[in-house]
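The next block holds one structure in the form of structure tokens; read it before the comments.
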2 protein chains.
Amino acid sequence: MDIVQFIAAKRDGQEHHRGELREFVLAAVGGAADYQISAWLMAAYLRGLSEEETVELTGALRDSGRTFPLGHFGPRSVDKHSTGGVGDKTSLVIVPLCASLGAVVPKMSGRGLGFTGGTLDKLEAIPGFRSDLSVEEFERIVSRVGAAIAAQSADLVPADGRLYALRDVTATVDSVPLIAASVMSKKLALGCPSVVLDVKVGSGAFMPDRERGQALAAAMVAIGTAEGRRMAALLGDMSRPLGRAVGNSLEVLEAMETLRGGGPDDLRGHCSLIAGEMLSAAGVARSPEDGVARAEEALRSGRAADKMLELVEAQGGDAESLAAGRLPVASLTAAVHADSGGFVARVDARAVGQAAMALGAGRQRRDDGIDLGAGVVLRHTVGDEVQAGEPLATLHASTEAHLHAGLARLLSAFSVSEAAPAAAPLVHEVIRA
Amino acid sequence: MDIVQFIAAKRDGQEHHRGELREFVLAAVGGAADYQISAWLMAAYLRGLSEEETVELTGALRDSGRTFPLGHFGPRSVDKHSTGGVGDKTSLVIVPLCASLGAVVPKMSGRGLGFTGGTLDKLEAIPGFRSDLSVEEFERIVSRVGAAIAAQSADLVPADGRLYALRDVTATVDSVPLIAASVMSKKLALGCPSVVLDVKVGSGAFMPDRERGQALAAAMVAIGTAEGRRMAALLGDMSRPLGRAVGNSLEVLEAMETLRGGGPDDLRGHCSLIAGEMLSAAGVARSPEDGVARAEEALRSGRAADKMLELVEAQGGDAESLAAGRLPVASLTAAVHADSGGFVARVDARAVGQAAMALGAGRQRRDDGIDLGAGVVLRHTVGDEVQAGEPLATLHASTEAHLHAGLARLLSAFSVSEAAPAAAPLVHEVIRA
């Protein structure tokens, strides 16, 4: 292909001819120059991609590596993607929860970067837990347990890895069609007939703006539908952290409480909603509402928690310690207190995420090490009434320097006002197709 | 500098802070990644650069290498840049013409690419002519002859070379501020107090669109003015080839005729206009009109031709052959004839340029070899009355295959109509600052 012509077409706002994006993706893995891929990425960022282009790009990315045939994990297999956010430990709850009710959930996840965490980092807070499964191990565990949570295999959609690495260093990450194609190429490669998307909007989400969140959800649903998948997308609130715990060990402990029917109401409610959609899409429940009811029952009964322990054990993790709530938590603690009495009006999710990162729980760069035991636990969240001097949050870190850095960031996260704030919905809307 | 933030700012249409473009250019020569430079180039292409940004970028490019102090070549030194076009051999005429009248013209030029030719290729049609002068040789010849025409020295503005190489392969060449900064950085580096720009518009120009040509001229004049140069820019017509000859040897022969007061009227007229501006800017003539009158006299008197022979000899060229009109011209010839009688209404410059390239006179890629003797000579141009069957142009090539390829392209260049076409001006406008 004439790649300069191809770049020029997108630069000029033209729609690529059918087949050209496939050729481009082939060229990208076949040694096309970084600088040409980057120039195209910036042109695509600024000029956009049509729905047809986005679907073609997604298919081309999927086909750049190994794929599982549609339905490979069975008709009840269902995939799930969260765009991530501060305190977002939903995968830890939903995957075993849905599997405990007969859905099959082969889940490939990523690591945290910046102020949001990643599922794999969280799971690795469980001693012995292995997420770097071979494709064969992954399949074996899914077939035995009904679920597995593994690192994205390098065999799948290698072209996305190449594109993503360049997007990351050229300010072209935050593009709706490029994100949609990247996420959906990985979903399509796994071959699940149903996919549920958990798109977060608000300060603690990767995509703060609600309209852009809607656009992203719509773009991903359109791709899945074009490829014959049953799709649902929830637009969830991430203006405040989800649940109370932010940080790897702390979040696993909170997820475990939630799997036992406890945990914070917002987290349990959000997980039930998503699980309801997944169970309905997978044909395990008659409707999303029926799915929610079954999910709540599985949480109450301990069935979901048992499935989590089974999954952790199958992946080499210390299920006993997890069951006993014994995970390494950083030993130094401090607290943030309310200056005045009143109602908690705001707990800014991004500020909390940045505080957790400052405490050592997150990474700024891909190869930074992280402190699995560090993080923040909110003692109060939006809407709670507090007295002056009452602790609002506890911080955990391994060094005084980290503790002070985290404290400095966390102070700005809270606002306390005289009047009670209006209740914000957990989920703004649901798209089904 | 945080280069991802820098790219993101331009991506979002922001103006860079003072100093950031300098840091970026430093980074570009200091090993910044190609893919990041390319992403910024595409963002700059699509979002544009403000006048202040363009001036800063130009200064930063200039300062990336060796520079001559302002006035190094004396108060009467004047530089000239043509944006190039089909049959544009003006440098070959103007440089010795102005030098013959007391101006000093240290000229660094480029090679041809695509359908337009380059001054260096043309001069190398003169046996022995050397354009790869060291800076010291260049200075010595300028001081002795009053002019020299050399290849752009790699010591000057190396950052522009780095940026241009990436623009060439990422579809980001055709951007007004990037072109203006690239051209003017080289002009500023030479230190001439006056600069005259010969901007061509029309099908045979690099920039066909008149409004974009005006914008480019205005951007370059603004940069020069901001840097304290006397500036003039002419917006010239390039809808048809300039003069009659297109191809390296053929153009040198035509330039030599013009230097002797002959040659095609349009070429001689255009060269006199530009020379008039240069002589006036350099303080050799009292006004552009006075400059034109002096230029015409120097052409008629043989003074300009003598200076050309002196320059050629100083640069190792065979002045005797040139004076005698003995340059290698390709031996196979063919002609294009008028299908019907009437007036030549159109001679499409781009089509003629492409025909010349097909004949072997131009290069598609930077490292292609070229046939210095190949090309096209128009027997008639726009406005001429012709009979059916009369030859319109002669083609020269070294192989039958080249000759046929050139013929096929040239046929579409001509239109003959019953009515005489309206006369088109040579120069659309002049900007002086």
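Every chain in the structure tokens has a letter given in the order shown (A, B, ...), and although residue numbers restart at 1 in each chain, ligands are simply numbered from 1 in the order shown.
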At a cut-off of 9 Å, using only C-alpha atoms, what residues contact A:Ala304? Leave out same-chain residues fewer than 4 positions from it and give the result as a short mmCIF file (atom, residue, chain, number, x, y, z; two decimals) with N, CA and C atoms, in the first residue's frame.
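Saved the output as result-v6.cif:
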data_model
loop_
_atom_site.label_atom_id
_atom_site.label_comp_id
_atom_site.auth_asym_id
_atom_site.auth_seq_id
_atom_site.Cartn_x
_atom_site.Cartn_y
_atom_site.Cartn_z
N VAL A 93 -15.35 -9.10 41.61
CA VAL A 93 -16.63 -9.57 42.15
C VAL A 93 -17.44 -10.26 41.06
N ILE A 94 -17.53 -9.62 39.92
CA ILE A 94 -18.47 -10.07 38.89
C ILE A 94 -18.07 -11.40 38.26
N PRO A 96 -16.31 -14.14 39.41
CA PRO A 96 -16.74 -15.34 40.14
C PRO A 96 -18.26 -15.37 40.37
N LEU A 97 -18.85 -14.19 40.55
CA LEU A 97 -20.29 -14.14 40.78
C LEU A 97 -21.06 -14.76 39.61
N CYS A 98 -20.74 -14.33 38.39
CA CYS A 98 -21.45 -14.88 37.22
C CYS A 98 -21.13 -16.36 37.04
N ALA A 99 -19.86 -16.73 37.26
CA ALA A 99 -19.48 -18.13 37.09
C ALA A 99 -20.21 -19.01 38.10
N SER A 100 -20.46 -18.46 39.29
CA SER A 100 -21.13 -19.26 40.33
C SER A 100 -22.57 -19.58 39.95
N LEU A 101 -23.08 -18.85 38.96
CA LEU A 101 -24.48 -19.06 38.55
C LEU A 101 -24.59 -19.76 37.20
N LEU A 259 -18.35 -10.15 47.94
CA LEU A 259 -18.73 -11.48 47.45
C LEU A 259 -19.46 -12.28 48.53
N ARG A 260 -19.29 -11.87 49.76
CA ARG A 260 -20.00 -12.53 50.87
C ARG A 260 -21.28 -11.79 51.23
N GLY A 261 -21.69 -10.85 50.37
CA GLY A 261 -22.95 -10.16 50.60
C GLY A 261 -22.81 -8.90 51.43
N ALA A 295 -28.08 -12.67 41.19
CA ALA A 295 -26.76 -12.23 41.64
C ALA A 295 -26.80 -11.91 43.13
N ALA A 298 -26.79 -15.01 45.11
CA ALA A 298 -25.49 -15.70 45.12
C ALA A 298 -24.50 -15.00 46.06
N LEU A 299 -24.62 -13.69 46.18
CA LEU A 299 -23.76 -12.96 47.12
C LEU A 299 -24.14 -13.31 48.56
N ARG A 300 -25.44 -13.26 48.82
CA ARG A 300 -25.93 -13.55 50.19
C ARG A 300 -25.59 -14.96 50.63
N MET A 308 -15.01 -17.59 44.01
CA MET A 308 -13.79 -16.76 44.02
C MET A 308 -12.63 -17.56 44.61
N LEU A 309 -12.86 -18.24 45.72
CA LEU A 309 -11.79 -19.02 46.35
C LEU A 309 -11.34 -20.14 45.41
#
Within 9 Å of chain A: residues of chain B, using only C-alpha atoms, as a ChimeraX atom specification: /B:3-8,11-12,33-43,45-46,166,168-172
Secondary structure check, strand (DSSP E) residues of stretch 195-301 of chain A, as a PyMOL selection string: chain A and resi 195-201+230-237+245-246
Separation of atom CA of A:Val201 from atom CA of A:Asp160 in Å: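 Calculated distance between atom CA of A:Asp160 and atom CA of A:Val201 is 23.7 Å.
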DSSP-assigned helix (DSSP H, G or I) among stretch 26-105 of chain B, expressed as an NGL selection string: :B and (26-29 or 34-47 or 51-62 or 90-100)
Nearest to B:Ala397 by atom-to-atom distance, counting only C-alpha atoms, from B:Thr381, B:Ser340, B:Ser182, B:Asn248: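 Between B:Thr381, B:Ser340, B:Ser182, B:Asn248, the residue approaching B:Ala397 most closely is B:Asn248.
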Atom-to-atom span, atom CA of B:Glu313 and atom CA of B:Val183, Å: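 So the two atoms, atom CA of B:Glu313 and atom CA of B:Val183, lie 28.3 Å apart.
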Who sits within 9 Å of A:Leu253, only C-alpha atoms, same chain under 5 positions skipped, as a PyMOL selection string: chain A and resi 245+248+258+322+325-327
Residues from last step as file, N, CA, C and O atoms, as a PDB file, in the first residue's frame:
ATOM      1  N   ALA A 245     -12.441   1.215  49.358  1.00  0.00           N
ATOM      2  CA  ALA A 245     -11.017   0.886  49.335  1.00  0.00           C
ATOM      3  C   ALA A 245     -10.399   1.238  47.986  1.00  0.00           C
ATOM      4  O   ALA A 245     -10.985   0.982  46.937  1.00  0.00           O
ATOM      5  N   ASN A 248      -4.330  -2.019  46.115  1.00  0.00           N
ATOM      6  CA  ASN A 248      -4.483  -3.397  45.650  1.00  0.00           C
ATOM      7  C   ASN A 248      -4.993  -4.384  46.705  1.00  0.00           C
ATOM      8  O   ASN A 248      -6.100  -4.909  46.584  1.00  0.00           O
ATOM      9  N   THR A 258     -17.628  -8.113  49.676  1.00  0.00           N
ATOM     10  CA  THR A 258     -18.775  -7.916  48.790  1.00  0.00           C
ATOM     11  C   THR A 258     -19.287  -9.258  48.277  1.00  0.00           C
ATOM     12  O   THR A 258     -20.499  -9.496  48.184  1.00  0.00           O
ATOM     13  N   LEU A 322      -6.796 -15.498  51.773  1.00  0.00           N
ATOM     14  CA  LEU A 322      -7.841 -14.608  51.264  1.00  0.00           C
ATOM     15  C   LEU A 322      -9.124 -14.795  52.070  1.00  0.00           C
ATOM     16  O   LEU A 322      -9.754 -13.815  52.491  1.00  0.00           O
ATOM     17  N   GLY A 325      -8.998 -13.137  55.263  1.00  0.00           N
ATOM     18  CA  GLY A 325      -8.775 -11.685  55.241  1.00  0.00           C
ATOM     19  C   GLY A 325      -7.349 -11.309  55.595  1.00  0.00           C
ATOM     20  O   GLY A 325      -7.095 -10.192  56.046  1.00  0.00           O
ATOM     21  N   ARG A 326      -6.401 -12.230  55.368  1.00  0.00           N
ATOM     22  CA  ARG A 326      -4.998 -11.956  55.705  1.00  0.00           C
ATOM     23  C   ARG A 326      -4.193 -11.654  54.441  1.00  0.00           C
ATOM     24  O   ARG A 326      -3.594 -12.550  53.837  1.00  0.00           O
ATOM     25  N   LEU A 327      -4.206 -10.403  54.034  1.00  0.00           N
ATOM     26  CA  LEU A 327      -3.362  -9.990  52.907  1.00  0.00           C
ATOM     27  C   LEU A 327      -2.432  -8.902  53.412  1.00  0.00           C
ATOM     28  O   LEU A 327      -2.775  -8.174  54.353  1.00  0.00           O
TER      29      LEU A 327
END
Exercise: B:Gln214 partners within 8 Å, only C-alpha atoms, chain neighbours under 4 positions left out, as number ranges by chain: B: 210, 218, 235
I need the residues from that last selection saved to file as a PDB file, in the first residue's frame (with N, CA, C and O atoms), if you can.
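File produced: again_16.pdb:
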ATOM      1  N   ARG B 210      -4.154  29.667  -5.363  1.00  0.00           N
ATOM      2  CA  ARG B 210      -3.656  31.027  -5.212  1.00  0.00           C
ATOM      3  C   ARG B 210      -3.749  31.540  -3.780  1.00  0.00           C
ATOM      4  O   ARG B 210      -2.836  32.206  -3.288  1.00  0.00           O
ATOM      5  N   ALA B 218       2.743  35.578   2.614  1.00  0.00           N
ATOM      6  CA  ALA B 218       2.538  36.449   3.774  1.00  0.00           C
ATOM      7  C   ALA B 218       3.256  35.890   5.001  1.00  0.00           C
ATOM      8  O   ALA B 218       3.861  36.649   5.773  1.00  0.00           O
ATOM      9  N   LEU B 235       3.934  37.028  -6.337  1.00  0.00           N
ATOM     10  CA  LEU B 235       3.082  35.869  -6.550  1.00  0.00           C
ATOM     11  C   LEU B 235       2.962  35.660  -8.062  1.00  0.00           C
ATOM     12  O   LEU B 235       2.260  36.407  -8.744  1.00  0.00           O
TER      13      LEU B 235
END
Shell around A:Ser194 at 10 Å using only C-alpha atoms, local window under 5 positions removed, as a ChimeraX atom specification: /A:71,75-80,187-188,224-225,228-232,277-283
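Interatomic distance, atom CA of A:Leu267 to atom CA of A:Thr116: 16.2 Å.
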Neighbour list for B:Met238 as number ranges by chain, cut-off 8 Å, only C-alpha atoms, skip fewer than 2 positions in-chain: B: 85-86, 200-205, 236, 240-242, 349
